[in-house]
Amino acid sequence: MRIGVLTGGGDCPGLNAVIRAVVKTAIHQYHDEVVGIKDGFSGLISNRTIPLDLEKISGIMPRGGTILGSSNRDNPFAYAQTVDGKLVKSDVSAVAVENYKSNKLDCLVVIGGDGTLDIAHKFTAKGLNVIGIPKTIDNDLSSTDTTFGHDTAIGTVMDALDKIHTTAESHHRVMVVEVMGRDAGWISIAAGIAGGGHIILIPEIPFDIEKIAQTIYQRKGRGKHFTVIVVAEGAKQKGGDRVIKRIVEGASETVRLGGVGEMVASELERVTGLEARTTVLGHIQRGGSPSAFDRILATRYGASAVHHAHEGDFDHMVALHTPEIVAIPLEKALHKMKQVPLGGSHVVTARRVGISFGD
Ligand code: F6P
């Protein structure tokens, strides 16, 4: 087979480990050829490709990012271009199909989140053989137990929380740490538990500033004059809405969240009179060398995707259904966001050890 591979959407640790596994499996097991497509679907539209052989992927496992580049703006079915100063969207999918054919591809392995995999699914109707591999640091896809990149992001946030603890304690401050995750609180709750956060705010549980203040006072009553609060970027006050930082025109997901950490800190200063500071971890969470867990999961996904390509399981996505890697139809896998369940083990465990959700 001639297998194309592309990485789309926001990057995350482990993408290179997947690319490596795809190439190794394709060459060692099946004597296939692999073609890398640059910058997600953008490269399929403009026909920018590179041959991927064993030499090209040598040593990339520990590297963050993606050697292929990525894009979360180039949807071939609604391709945004500026014409006469105006943003116009048009369907250029036929160009992408033509390039798939001119590269003599038998299959396209698409590594991406919900938006990217949705585009992959749409190409099936245009005759392309696609296999999806789910990625996101947010872990918000319900069709798989977890995505690679998430574990590394949790580790990054945990390290930051360890560091925040010491300065919080020295200065008797309230420290608010804002983390990513869009409308799911997985990064916040998992890293908050691992990093010893005292208050965790997640989109699934709207918070009340007065309740957060009470927890801070209770801690002070126990002689703890500092508090570490982990807040998910999508968290909102009771009766309030998400804090939006910007709108990215032309992106598949236009809303960018951000700013809730600063809002929580200033509200707490107003209510308690205590000093509060905010740290926004931002894209640091998307970088770095993948954890052992993510390297293994990424390798399992990549190897399995090539296996399923040879089985003819197109329009499917590989997924972790512990302990197995399975292939599920993209149609069933898409558009099902996985949020933190209120009665689930993470929330129950956090409450048991005295973590407050500000509710
Ligand atoms: O989905 C991954 C993610 O990092 C989210 O956690 C975050 O909200 C978003 O992407 C940021 O997107 P961008 O890189 O476009 O700012």
# chains A, B, ... in the order shown; residues from 1 in each chain; ligands from 1
call {"tool": "residues_near_ligand", "arguments": {"ligand": "ligand 1", "cutoff": "7 Å", "atoms": "only C-alpha atoms and all ligand atoms", "output": "ChimeraX atom specification"}}
result
/A:10,136-138,180-182,256-257,283,286
call {"tool": "select_by_dssp", "arguments": {"residues": "range 35-107 of chain A", "states": "strand (DSSP E)", "output": "ChimeraX atom specification"}}
result
/A:35-37,49-52,79-83,86-90,107
call {"tool": "closest_residue", "arguments": {"among": "A:Ile154, A:Ile3, A:Glu249, A:Pro13", "to": "Thr82 in chain A", "atoms": "only C-alpha atoms"}}
result
A:Glu249
call {"tool": "residues_around", "arguments": {"residues": "range 258-267 of chain A", "least_positions_apart": "5", "cutoff": "8 Å", "atoms": "only C-alpha atoms", "output": "PyMOL selection string"}}
result
chain A and resi 174-178+209+231+233-236+242-245+276-280
call {"tool": "write_last_selection", "arguments": {"atoms": "all heavy atoms", "output": "short mmCIF file (atom, residue, chain, number, x, y, z; two decimals), in the first residue's frame"}}
result
data_model
loop_
_atom_site.label_atom_id
_atom_site.label_comp_id
_atom_site.auth_asym_id
_atom_site.auth_seq_id
_atom_site.Cartn_x
_atom_site.Cartn_y
_atom_site.Cartn_z
N VAL A 174 -3.13 33.32 47.82
CA VAL A 174 -4.03 32.47 47.04
C VAL A 174 -3.45 32.45 45.63
O VAL A 174 -3.24 33.50 45.03
CB VAL A 174 -5.46 33.07 47.00
CG1 VAL A 174 -6.35 32.25 46.07
CG2 VAL A 174 -6.05 33.13 48.41
N MET A 175 -3.14 31.27 45.13
CA MET A 175 -2.56 31.15 43.79
C MET A 175 -3.57 30.43 42.88
O MET A 175 -4.00 29.31 43.18
CB MET A 175 -1.26 30.35 43.83
CG MET A 175 -0.17 31.00 44.68
SD MET A 175 0.36 32.61 44.08
CE MET A 175 1.46 32.18 42.76
N VAL A 176 -3.92 31.09 41.81
CA VAL A 176 -4.88 30.52 40.86
C VAL A 176 -4.11 30.08 39.62
O VAL A 176 -3.37 30.87 39.04
CB VAL A 176 -5.95 31.56 40.47
CG1 VAL A 176 -6.95 30.95 39.48
CG2 VAL A 176 -6.67 32.08 41.71
N VAL A 177 -4.27 28.82 39.22
CA VAL A 177 -3.58 28.31 38.03
C VAL A 177 -4.64 27.93 36.99
O VAL A 177 -5.47 27.05 37.22
CB VAL A 177 -2.71 27.08 38.40
CG1 VAL A 177 -2.00 26.54 37.15
CG2 VAL A 177 -1.69 27.44 39.47
N GLU A 178 -4.61 28.63 35.86
CA GLU A 178 -5.59 28.34 34.79
C GLU A 178 -5.00 27.34 33.82
O GLU A 178 -3.88 27.51 33.33
CB GLU A 178 -5.94 29.65 34.06
CG GLU A 178 -6.98 29.44 32.96
CD GLU A 178 -7.28 30.73 32.21
OE1 GLU A 178 -7.61 31.74 32.86
OE2 GLU A 178 -7.19 30.71 30.96
N ILE A 209 -18.12 32.12 44.13
CA ILE A 209 -16.94 32.76 44.72
C ILE A 209 -17.01 32.73 46.25
O ILE A 209 -16.00 32.50 46.94
CB ILE A 209 -16.80 34.22 44.21
CG1 ILE A 209 -16.32 34.22 42.75
CG2 ILE A 209 -15.86 35.04 45.09
CD1 ILE A 209 -14.87 33.79 42.53
N VAL A 231 -8.00 26.06 37.96
CA VAL A 231 -9.24 26.38 37.27
C VAL A 231 -9.12 26.03 35.78
O VAL A 231 -8.17 26.41 35.11
CB VAL A 231 -9.65 27.87 37.48
CG1 VAL A 231 -8.54 28.83 37.11
CG2 VAL A 231 -10.90 28.22 36.69
N GLU A 233 -10.03 26.32 31.92
CA GLU A 233 -10.36 27.51 31.12
C GLU A 233 -11.85 27.62 30.81
O GLU A 233 -12.37 28.72 30.60
CB GLU A 233 -9.56 27.52 29.81
CG GLU A 233 -9.85 26.31 28.91
CD GLU A 233 -9.03 26.28 27.63
OE1 GLU A 233 -8.21 27.19 27.42
OE2 GLU A 233 -9.21 25.33 26.84
N GLY A 234 -12.56 26.49 30.84
CA GLY A 234 -13.99 26.50 30.52
C GLY A 234 -14.89 26.59 31.75
O GLY A 234 -16.11 26.50 31.63
N ALA A 235 -14.29 26.77 32.94
CA ALA A 235 -15.10 26.83 34.16
C ALA A 235 -15.93 28.12 34.18
O ALA A 235 -15.54 29.14 33.62
CB ALA A 235 -14.19 26.78 35.39
N LYS A 236 -17.10 28.04 34.81
CA LYS A 236 -17.95 29.23 34.86
C LYS A 236 -18.62 29.38 36.23
O LYS A 236 -18.84 28.39 36.94
CB LYS A 236 -19.01 29.20 33.76
CG LYS A 236 -19.67 27.85 33.55
CD LYS A 236 -20.49 27.87 32.27
CE LYS A 236 -21.04 26.51 31.92
NZ LYS A 236 -20.08 25.53 31.45
N ARG A 242 -18.97 30.96 30.11
CA ARG A 242 -17.55 30.78 29.91
C ARG A 242 -16.88 32.13 29.62
O ARG A 242 -17.52 33.02 29.04
CB ARG A 242 -17.28 29.87 28.72
CG ARG A 242 -17.92 28.53 28.79
CD ARG A 242 -17.66 27.73 27.54
NE ARG A 242 -18.06 28.42 26.32
CZ ARG A 242 -17.82 27.97 25.09
NH1 ARG A 242 -17.16 26.85 24.91
NH2 ARG A 242 -18.22 28.64 24.02
N VAL A 243 -15.60 32.26 29.99
CA VAL A 243 -14.88 33.49 29.68
C VAL A 243 -14.16 33.28 28.35
O VAL A 243 -13.31 32.40 28.23
CB VAL A 243 -13.88 33.85 30.80
CG1 VAL A 243 -13.18 35.17 30.47
CG2 VAL A 243 -14.60 33.93 32.15
N ILE A 244 -14.53 34.08 27.37
CA ILE A 244 -13.97 33.92 26.01
C ILE A 244 -12.85 34.92 25.79
O ILE A 244 -13.00 36.11 26.09
CB ILE A 244 -15.08 34.08 24.95
CG1 ILE A 244 -16.06 32.90 25.09
CG2 ILE A 244 -14.51 34.13 23.54
CD1 ILE A 244 -17.30 33.00 24.24
N LYS A 245 -11.72 34.43 25.30
CA LYS A 245 -10.57 35.30 25.08
C LYS A 245 -10.58 35.90 23.68
O LYS A 245 -10.30 37.07 23.49
CB LYS A 245 -9.28 34.51 25.29
CG LYS A 245 -8.06 35.39 25.26
CD LYS A 245 -6.83 34.64 25.68
CE LYS A 245 -5.66 35.60 25.79
NZ LYS A 245 -4.40 34.91 25.81
N ALA A 276 -4.02 37.59 45.86
CA ALA A 276 -4.16 36.46 44.93
C ALA A 276 -3.36 36.74 43.67
O ALA A 276 -3.22 37.88 43.24
CB ALA A 276 -5.63 36.24 44.59
N ARG A 277 -2.82 35.69 43.10
CA ARG A 277 -2.06 35.80 41.84
C ARG A 277 -2.56 34.73 40.87
O ARG A 277 -3.01 33.65 41.29
CB ARG A 277 -0.57 35.57 42.08
CG ARG A 277 0.11 36.63 42.90
CD ARG A 277 0.34 37.90 42.10
NE ARG A 277 1.17 38.84 42.82
CZ ARG A 277 0.72 39.70 43.72
NH1 ARG A 277 -0.56 39.73 44.04
NH2 ARG A 277 1.55 40.53 44.33
N THR A 278 -2.40 35.01 39.59
CA THR A 278 -2.84 34.04 38.56
C THR A 278 -1.67 33.61 37.70
O THR A 278 -0.85 34.43 37.30
CB THR A 278 -3.87 34.69 37.61
OG1 THR A 278 -4.84 35.36 38.38
CG2 THR A 278 -4.54 33.65 36.73
N THR A 279 -1.60 32.33 37.40
CA THR A 279 -0.65 31.80 36.41
C THR A 279 -1.47 31.09 35.33
O THR A 279 -2.29 30.22 35.65
CB THR A 279 0.30 30.77 37.05
OG1 THR A 279 0.97 31.39 38.15
CG2 THR A 279 1.32 30.26 36.05
N VAL A 280 -1.26 31.49 34.08
CA VAL A 280 -1.95 30.81 32.96
C VAL A 280 -0.92 29.92 32.28
O VAL A 280 0.05 30.41 31.70
CB VAL A 280 -2.54 31.85 31.97
CG1 VAL A 280 -3.26 31.14 30.83
CG2 VAL A 280 -3.48 32.82 32.69
#
call {"tool": "residues_around", "arguments": {"residues": "range 90-100 of chain A", "least_positions_apart": "2", "cutoff": "12 Å", "atoms": "only C-alpha atoms", "output": "number ranges by chain"}}
result
A: 2-6, 35-37, 40-49, 74-83, 87-88, 102-109, 119-120, 122-130, 250
call {"tool": "residues_around", "arguments": {"residues": "range 155-169 of chain A", "least_positions_apart": "6", "cutoff": "6 Å", "atoms": "only C-alpha atoms", "output": "PyMOL selection string"}}
result
chain A and resi 191+195+226
call {"tool": "write_last_selection", "arguments": {"atoms": "all heavy atoms", "output": "short mmCIF file (atom, residue, chain, number, x, y, z; two decimals), in the first residue's frame"}}
result
data_model
loop_
_atom_site.label_atom_id
_atom_site.label_comp_id
_atom_site.auth_asym_id
_atom_site.auth_seq_id
_atom_site.Cartn_x
_atom_site.Cartn_y
_atom_site.Cartn_z
N ALA A 191 -4.90 16.81 37.07
CA ALA A 191 -3.68 17.47 37.55
C ALA A 191 -3.89 18.07 38.92
O ALA A 191 -2.97 18.10 39.75
CB ALA A 191 -3.25 18.55 36.55
N GLY A 195 -1.46 17.14 41.72
CA GLY A 195 -0.61 18.24 42.19
C GLY A 195 -1.07 18.84 43.51
O GLY A 195 -0.57 19.89 43.91
N PHE A 226 -2.27 29.57 52.89
CA PHE A 226 -2.16 29.67 51.44
C PHE A 226 -3.14 28.68 50.81
O PHE A 226 -3.52 27.68 51.45
CB PHE A 226 -0.73 29.35 50.96
CG PHE A 226 -0.36 27.90 51.12
CD1 PHE A 226 -0.37 27.04 50.02
CD2 PHE A 226 -0.03 27.38 52.36
CE1 PHE A 226 -0.05 25.70 50.16
CE2 PHE A 226 0.29 26.03 52.50
CZ PHE A 226 0.28 25.19 51.40
#
call {"tool": "residues_around", "arguments": {"residues": "range 337-349 of chain A", "least_positions_apart": "2", "cutoff": "8 Å", "atoms": "only C-alpha atoms", "output": "list in words"}}
result
Asn139, Asp140, Leu141, Ser142, Asp183, Ala184, Gly185, Trp186, Ile189, Ala190, Glu204, Ile205, His335, Arg351, Arg352 and Val353 of chain A
call {"tool": "write_last_selection", "arguments": {"atoms": "all heavy atoms", "output": "CSV table (one decimal), in the first residue's frame"}}
result
chain,number,residue,atom,x,y,z
A,139,ASN,N,-8.6,15.2,26.4
A,139,ASN,CA,-9.2,13.9,26.7
A,139,ASN,C,-10.8,14.0,26.7
A,139,ASN,O,-11.4,13.4,27.4
A,139,ASN,CB,-8.8,13.5,28.1
A,139,ASN,CG,-9.2,12.0,28.4
A,139,ASN,OD1,-9.2,11.2,27.5
A,139,ASN,ND2,-9.5,11.7,29.6
A,140,ASP,N,-11.3,14.8,25.7
A,140,ASP,CA,-12.8,15.0,25.7
A,140,ASP,C,-13.5,14.2,24.7
A,140,ASP,O,-14.6,14.6,24.3
A,140,ASP,CB,-13.0,16.5,25.6
A,140,ASP,CG,-12.5,17.1,24.3
A,140,ASP,OD1,-11.7,16.4,23.6
A,140,ASP,OD2,-12.7,18.3,24.0
A,141,LEU,N,-12.9,13.1,24.2
A,141,LEU,CA,-13.6,12.3,23.2
A,141,LEU,C,-14.2,11.1,23.9
A,141,LEU,O,-13.5,10.3,24.5
A,141,LEU,CB,-12.6,11.8,22.1
A,141,LEU,CG,-11.9,12.9,21.3
A,141,LEU,CD1,-11.0,12.3,20.3
A,141,LEU,CD2,-12.8,13.9,20.7
A,142,SER,N,-15.5,10.9,23.8
A,142,SER,CA,-16.1,9.8,24.6
A,142,SER,C,-15.9,8.4,24.0
A,142,SER,O,-16.1,7.4,24.6
A,142,SER,CB,-17.6,10.1,24.7
A,142,SER,OG,-18.2,10.0,23.5
A,183,ASP,N,-14.2,22.6,27.1
A,183,ASP,CA,-15.4,22.5,27.9
A,183,ASP,C,-15.4,21.2,28.8
A,183,ASP,O,-16.4,20.8,29.3
A,183,ASP,CB,-16.6,22.5,27.0
A,183,ASP,CG,-16.8,23.8,26.3
A,183,ASP,OD1,-16.7,24.8,27.0
A,183,ASP,OD2,-16.9,23.9,25.1
A,184,ALA,N,-14.2,20.6,28.9
A,184,ALA,CA,-14.1,19.4,29.8
A,184,ALA,C,-13.0,19.7,30.8
A,184,ALA,O,-12.0,20.3,30.6
A,184,ALA,CB,-13.7,18.2,28.9
A,185,GLY,N,-13.3,19.2,32.0
A,185,GLY,CA,-12.4,19.5,33.2
A,185,GLY,C,-11.4,18.5,33.5
A,185,GLY,O,-10.8,18.4,34.6
A,186,TRP,N,-11.1,17.6,32.5
A,186,TRP,CA,-10.2,16.5,32.7
A,186,TRP,C,-8.8,16.9,33.2
A,186,TRP,O,-8.2,16.3,34.1
A,186,TRP,CB,-10.1,15.5,31.5
A,186,TRP,CG,-11.4,14.8,31.3
A,186,TRP,CD1,-12.3,15.0,30.3
A,186,TRP,CD2,-11.9,13.7,32.0
A,186,TRP,NE1,-13.3,14.1,30.4
A,186,TRP,CE2,-13.1,13.3,31.4
A,186,TRP,CE3,-11.5,13.1,33.2
A,186,TRP,CZ2,-13.9,12.3,32.0
A,186,TRP,CZ3,-12.3,12.1,33.7
A,186,TRP,CH2,-13.5,11.7,33.1
A,189,ILE,N,-9.0,18.5,36.8
A,189,ILE,CA,-9.3,17.6,37.9
A,189,ILE,C,-8.2,16.6,38.1
A,189,ILE,O,-7.7,16.3,39.2
A,189,ILE,CB,-10.7,16.9,37.8
A,189,ILE,CG1,-11.0,16.3,39.1
A,189,ILE,CG2,-10.7,15.8,36.7
A,189,ILE,CD1,-12.5,15.9,39.2
A,190,ALA,N,-7.6,16.0,37.0
A,190,ALA,CA,-6.6,15.0,37.1
A,190,ALA,C,-5.3,15.7,37.7
A,190,ALA,O,-4.7,15.2,38.6
A,190,ALA,CB,-6.3,14.4,35.8
A,204,GLU,N,-17.9,21.4,34.4
A,204,GLU,CA,-19.0,20.6,34.7
A,204,GLU,C,-19.7,21.0,36.1
A,204,GLU,O,-20.9,20.6,36.3
A,204,GLU,CB,-18.6,19.1,34.8
A,204,GLU,CG,-18.1,18.5,33.5
A,204,GLU,CD,-16.6,18.8,33.2
A,204,GLU,OE1,-16.0,19.6,33.9
A,204,GLU,OE2,-16.1,18.2,32.3
A,205,ILE,N,-19.0,21.7,36.9
A,205,ILE,CA,-19.5,22.1,38.2
A,205,ILE,C,-19.4,23.6,38.4
A,205,ILE,O,-18.3,24.1,38.7
A,205,ILE,CB,-18.8,21.4,39.4
A,205,ILE,CG1,-18.8,19.9,39.2
A,205,ILE,CG2,-19.4,21.8,40.7
A,205,ILE,CD1,-18.0,19.1,40.3
A,335,HIS,N,-18.4,13.7,17.5
A,335,HIS,CA,-19.4,14.7,18.1
A,335,HIS,C,-19.9,14.2,19.4
A,335,HIS,O,-21.1,14.5,19.7
A,335,HIS,CB,-20.5,15.0,17.1
A,335,HIS,CG,-20.0,15.3,15.7
A,335,HIS,ND1,-19.0,16.3,15.5
A,335,HIS,CD2,-20.4,14.9,14.5
A,335,HIS,CE1,-18.8,16.4,14.2
A,335,HIS,NE2,-19.6,15.5,13.6
A,351,ARG,N,-13.5,14.8,46.3
A,351,ARG,CA,-14.4,15.3,47.5
A,351,ARG,C,-14.0,14.5,48.7
A,351,ARG,O,-13.9,15.1,49.8
A,351,ARG,CB,-15.9,15.1,47.2
A,351,ARG,CG,-16.4,16.1,46.1
A,351,ARG,CD,-17.9,16.1,46.2
A,351,ARG,NE,-18.6,16.7,45.1
A,351,ARG,CZ,-18.8,18.0,44.8
A,351,ARG,NH1,-18.3,18.9,45.7
A,351,ARG,NH2,-19.4,18.4,43.8
A,352,ARG,N,-13.7,13.2,48.6
A,352,ARG,CA,-13.3,12.5,49.8
A,352,ARG,C,-12.1,13.0,50.5
A,352,ARG,O,-12.0,12.9,51.7
A,352,ARG,CB,-13.1,11.0,49.4
A,352,ARG,CG,-14.4,10.2,49.3
A,352,ARG,CD,-14.1,8.7,49.0
A,352,ARG,NE,-15.4,8.0,48.8
A,352,ARG,CZ,-15.6,7.0,48.0
A,352,ARG,NH1,-14.6,6.5,47.3
A,352,ARG,NH2,-16.7,6.4,47.9
A,353,VAL,N,-11.1,13.5,49.7
A,353,VAL,CA,-9.9,13.9,50.3
A,353,VAL,C,-10.0,15.4,50.6
A,353,VAL,O,-9.0,16.1,50.9
A,353,VAL,CB,-8.6,13.6,49.4
A,353,VAL,CG1,-8.4,12.1,49.2
A,353,VAL,CG2,-8.7,14.3,48.0
call {"tool": "select_by_dssp", "arguments": {"residues": "range 2-195 of chain A", "states": "alpha helix (DSSP H)", "output": "PyMOL selection string"}}
result
chain A and resi 15-30+41-45+93-102+114-124+150-171+186-194
call {"tool": "closest_residue", "arguments": {"among": "A:Ile133, A:Ile111, A:Leu297, A:Ile27", "to": "Gly9 in chain A", "atoms": "only C-alpha atoms"}}
result
A:Ile111
call {"tool": "closest_residue", "arguments": {"among": "A:Asp118, A:Glu331, A:Asp53, A:Glu210", "to": "Thr272 in chain A", "atoms": "only C-alpha atoms"}}
result
A:Glu210
call {"tool": "atom_distance", "arguments": {"atom1": "CA of Thr254 in chain A", "atom2": "CA of Gly8 in chain A"}}
result
15.3 Å
call {"tool": "closest_residue", "arguments": {"among": "A:Leu320, A:Pro51, A:Asp208, A:Ala21", "to": "Val34 in chain A", "atoms": "only C-alpha atoms"}}
result
A:Pro51
call {"tool": "closest_residue", "arguments": {"among": "A:Leu334, A:Ile57, A:Ile199, A:Ala350", "to": "Leu117 in chain A", "atoms": "only C-alpha atoms"}}
result
A:Leu334
call {"tool": "atom_distance", "arguments": {"atom1": "CA of His316 in chain A", "atom2": "CA of Asp114 in chain A"}}
result
13.0 Å
call {"tool": "decode", "arguments": {"residues": "range 81-103 of chain A", "atoms": "N, CA, C and O atoms", "output": "mmCIF file, in the first residue's frame"}}
result
data_model
loop_
_atom_site.group_PDB
_atom_site.id
_atom_site.type_symbol
_atom_site.label_atom_id
_atom_site.label_comp_id
_atom_site.auth_asym_id
_atom_site.auth_seq_id
_atom_site.Cartn_x
_atom_site.Cartn_y
_atom_site.Cartn_z
ATOM 1 N N GLN A 81 -10.474 31.792 2.708
ATOM 2 C CA GLN A 81 -9.480 32.597 1.985
ATOM 3 C C GLN A 81 -9.935 34.056 2.002
ATOM 4 O O GLN A 81 -11.140 34.337 2.017
ATOM 5 N N THR A 82 -8.968 34.953 2.000
ATOM 6 C CA THR A 82 -9.324 36.372 1.974
ATOM 7 C C THR A 82 -9.409 36.846 0.520
ATOM 8 O O THR A 82 -8.441 36.770 -0.220
ATOM 9 N N VAL A 83 -10.590 37.269 0.143
ATOM 10 C CA VAL A 83 -10.806 37.783 -1.221
ATOM 11 C C VAL A 83 -11.325 39.223 -1.088
ATOM 12 O O VAL A 83 -12.333 39.458 -0.420
ATOM 13 N N ASP A 84 -10.603 40.153 -1.693
ATOM 14 C CA ASP A 84 -10.947 41.586 -1.604
ATOM 15 C C ASP A 84 -11.148 42.021 -0.148
ATOM 16 O O ASP A 84 -12.121 42.714 0.186
ATOM 17 N N GLY A 85 -10.236 41.565 0.718
ATOM 18 C CA GLY A 85 -10.291 41.976 2.126
ATOM 19 C C GLY A 85 -11.348 41.259 2.947
ATOM 20 O O GLY A 85 -11.506 41.520 4.136
ATOM 21 N N LYS A 86 -12.104 40.373 2.314
ATOM 22 C CA LYS A 86 -13.170 39.656 3.042
ATOM 23 C C LYS A 86 -12.833 38.177 3.161
ATOM 24 O O LYS A 86 -12.256 37.593 2.240
ATOM 25 N N LEU A 87 -13.244 37.568 4.292
ATOM 26 C CA LEU A 87 -13.011 36.138 4.479
ATOM 27 C C LEU A 87 -14.118 35.354 3.777
ATOM 28 O O LEU A 87 -15.297 35.476 4.126
ATOM 29 N N VAL A 88 -13.736 34.564 2.778
ATOM 30 C CA VAL A 88 -14.727 33.795 2.021
ATOM 31 C C VAL A 88 -14.410 32.314 2.183
ATOM 32 O O VAL A 88 -13.248 31.912 2.115
ATOM 33 N N LYS A 89 -15.445 31.499 2.405
ATOM 34 C CA LYS A 89 -15.219 30.059 2.547
ATOM 35 C C LYS A 89 -15.724 29.324 1.313
ATOM 36 O O LYS A 89 -16.832 29.599 0.845
ATOM 37 N N SER A 90 -14.906 28.401 0.801
ATOM 38 C CA SER A 90 -15.359 27.634 -0.359
ATOM 39 C C SER A 90 -14.969 26.163 -0.201
ATOM 40 O O SER A 90 -14.090 25.816 0.598
ATOM 41 N N ASP A 91 -15.611 25.300 -0.971
ATOM 42 C CA ASP A 91 -15.350 23.860 -0.925
ATOM 43 C C ASP A 91 -14.239 23.513 -1.935
ATOM 44 O O ASP A 91 -14.456 23.585 -3.143
ATOM 45 N N VAL A 92 -13.044 23.191 -1.398
ATOM 46 C CA VAL A 92 -11.931 22.835 -2.292
ATOM 47 C C VAL A 92 -11.566 21.354 -2.129
ATOM 48 O O VAL A 92 -10.456 20.930 -2.442
ATOM 49 N N SER A 93 -12.547 20.579 -1.620
ATOM 50 C CA SER A 93 -12.265 19.172 -1.345
ATOM 51 C C SER A 93 -11.857 18.404 -2.610
ATOM 52 O O SER A 93 -11.078 17.450 -2.535
ATOM 53 N N ALA A 94 -12.388 18.839 -3.775
ATOM 54 C CA ALA A 94 -12.048 18.140 -5.025
ATOM 55 C C ALA A 94 -10.544 18.234 -5.304
ATOM 56 O O ALA A 94 -9.944 17.285 -5.840
ATOM 57 N N VAL A 95 -9.941 19.352 -4.924
ATOM 58 C CA VAL A 95 -8.490 19.529 -5.119
ATOM 59 C C VAL A 95 -7.733 18.527 -4.238
ATOM 60 O O VAL A 95 -6.765 17.881 -4.672
ATOM 61 N N ALA A 96 -8.204 18.387 -2.999
ATOM 62 C CA ALA A 96 -7.578 17.439 -2.071
ATOM 63 C C ALA A 96 -7.701 16.009 -2.595
ATOM 64 O O ALA A 96 -6.748 15.219 -2.537
ATOM 65 N N VAL A 97 -8.876 15.679 -3.139
ATOM 66 C CA VAL A 97 -9.105 14.333 -3.691
ATOM 67 C C VAL A 97 -8.143 14.093 -4.859
ATOM 68 O O VAL A 97 -7.526 13.020 -4.973
ATOM 69 N N GLU A 98 -8.005 15.111 -5.693
ATOM 70 C CA GLU A 98 -7.110 15.006 -6.851
ATOM 71 C C GLU A 98 -5.671 14.737 -6.378
ATOM 72 O O GLU A 98 -4.963 13.891 -6.944
ATOM 73 N N ASN A 99 -5.245 15.439 -5.334
ATOM 74 C CA ASN A 99 -3.876 15.255 -4.825
ATOM 75 C C ASN A 99 -3.690 13.882 -4.171
ATOM 76 O O ASN A 99 -2.613 13.288 -4.256
ATOM 77 N N TYR A 100 -4.725 13.387 -3.511
ATOM 78 C CA TYR A 100 -4.703 12.024 -2.954
ATOM 79 C C TYR A 100 -4.443 11.031 -4.099
ATOM 80 O O TYR A 100 -3.602 10.140 -4.004
ATOM 81 N N LYS A 101 -5.172 11.263 -5.200
ATOM 82 C CA LYS A 101 -5.035 10.348 -6.343
ATOM 83 C C LYS A 101 -3.673 10.504 -7.021
ATOM 84 O O LYS A 101 -3.021 9.516 -7.365
ATOM 85 N N SER A 102 -3.222 11.761 -7.195
ATOM 86 C CA SER A 102 -1.953 11.973 -7.914
ATOM 87 C C SER A 102 -0.768 11.419 -7.110
ATOM 88 O O SER A 102 0.255 11.051 -7.676
ATOM 89 N N ASN A 103 -0.931 11.329 -5.793
ATOM 90 C CA ASN A 103 0.111 10.711 -4.967
ATOM 91 C C ASN A 103 -0.034 9.196 -4.889
ATOM 92 O O ASN A 103 0.705 8.538 -4.143
#
